[in-house]
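Working notes for the structure below.
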Amino acid sequence: MHDIVLIPGDGIGPEITKSVTTILDAAGADINWIKCTAGLTAQEELGNPLPDETLDAIKKYRLALKGPLTTPIGAGFRSVNVAMRKKFELHSNIRPAKTLPHIESRFDNVDLVMFRENTEGLYIGKEQWVKENSHAESIAVVTREASEKVIRSAFEYAKKKNRKKVTLIHKANILKFTCGLFMEVGEEIAKDYPEIEYEDLIVDNMAMQMVLQPEQFDVIVTTNLFGDILSDLASGLVGGLGLTGAANVGDDAAMFEAVHGSAPDIAGQNVANPIAFLLSALMMLEHIDENDLADRIRQAVYLTLEDKSVCTPDIGGSGSTTAFTEAVVKNLNK
Ligand code: NAD
């Protein structure tokens, strides 16, 4: 039995969580869900977006499946996602983007995995007012240690999964110290993996290459903010945010979540696509070596995608979250 912390999250979080736990339970996953709360829901219920009970549970069980959390824009509390990644040293954010059967998208053969540094860089919001309301600044921190962790994770993944190439993305022509250091670490680590092809690309060129010819990419590794933007782009290449999962992995803890946010515009309408969150849960099953179970569920999802009457509207279906869930459960034994 695996003890796994379950955080349903905000907006569409509870709906997609119900879908995913229903499917995993029906497939016979031997999981004891430890239900916890975080985000706006926790702020409203307990006056704290990241309650101690939730932190203690993750600290104890070291594995979590987390729904999307709402972060207020501008004022209000800072991102709980960012705080959790930092607290549990989840140094690598892993986001695969793979063409799915029966899903219309502009490309037929995308199969890439993005590794994004998850604990530093410009993204973590180390900001200050130089002069209130007229001059603000933001500091990007890049360390050798964090760069090594994510870049080595990307190469180790490539080796384990028999991938052929790692592409490192940077802006070292302009950000000579921060991105320069990241790139230097990449070049050093690449030498330990002579069997894997290594290249680096400047981020603006990468943005163009990804929309022109995404099939050329295999494993990609980059800093936090570039990874945030490029991984959404990667989701777009295979049909959208409702179709890509993600893992936040550290040396001794891991948290699995969908790439998309809490989608408040469609919350409570039974139209949220649970596939992204389900694919994250399958990454979690693989993380705990339940590979056969993950494969069985993945095949049931692929089979279900054939029937548009049960799929959610974002992928051209006329069904709902619950109709999709029921169909996947039925297809588990086919
Ligand atoms: P979003 O991802 O929530 O939504 C963007 C668009 O995609 C919306 O039109 C939404 O309806 C659609 N969409 C997203 N997920 C979908 C799904 N599963 N099925 C169908 N359609 C889906 O991004 P946003 O609107 O920029 O952010 C909303 C909130 O989510 C913000 O508070 C943001 O901070 C938060 N957020 C959280 C996470 C996270 O918890 N990991 C990630 C991104 C954004």
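As shown in the structure tokens, the chain order sets the letters A, B, ...; within each chain, residues go from 1, and ligands are also counted from 1 in the order they appear.
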
So that I can check the surroundings of range 41-49 of chain A, please list as a PyMOL selection string every protein, DNA and RNA residue that reaches within 10 Å of it, counting only C-alpha atoms and ignoring chain neighbours fewer than 2 positions away. chain A and resi 8-11+36-39+51-52+54+69-71+77-80

Do you know which residues are within 10 Å of ligand 1 using only C-alpha atoms and all ligand atoms? Can you write them as a PyMOL selection string? chain A and resi 9-13+15-16+39-40+66-73+78-82+228+232+240-244+246+256-267+270-277+312-315+321

I'd like the neighbourhood of Leu122 in chain A as a PDB file with C-alpha atoms, in the first residue's frame, where a residue qualifies if any of its atoms comes within 7 Å (using only C-alpha atoms), though same-chain residues fewer than 4 positions away should be ignored.
```pdb
ATOM      1  CA  SER A 138      13.511  41.411  -9.720  1.00  0.00           C
ATOM      2  CA  ILE A 139      16.573  39.272  -9.084  1.00  0.00           C
ATOM      3  CA  ALA A 140      17.395  36.040 -10.925  1.00  0.00           C
ATOM      4  CA  VAL A 141      19.551  33.648  -8.917  1.00  0.00           C
ATOM      5  CA  LEU A 225      10.991  31.053 -16.319  1.00  0.00           C
TER       6      LEU A 225
END
```

Taking the chain letters and numbering used in this document, name the residues of range 108-284 of chain A that DSSP puts in alpha helix (DSSP H), as JSON, numbers by chain. {"A": [144, 145, 146, 147, 148, 149, 150, 151, 152, 153, 154, 155, 156, 157, 158, 159, 160, 178, 179, 180, 181, 182, 183, 184, 185, 186, 187, 188, 189, 190, 203, 204, 205, 206, 207, 208, 209, 210, 211, 212, 224, 225, 226, 227, 228, 229, 230, 231, 232, 233, 234, 235, 236, 237, 275, 276, 277, 278, 279, 280, 281, 282, 283, 284]}

In Å, rounded to a single decimal, give me how far CA of Glu145 in chain A is from CA of Ala254 in chain A. 18.7 Å

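Interatomic distance, CA of Asn333 in chain A to CA of Gln299 in chain A: 10.1 Å.
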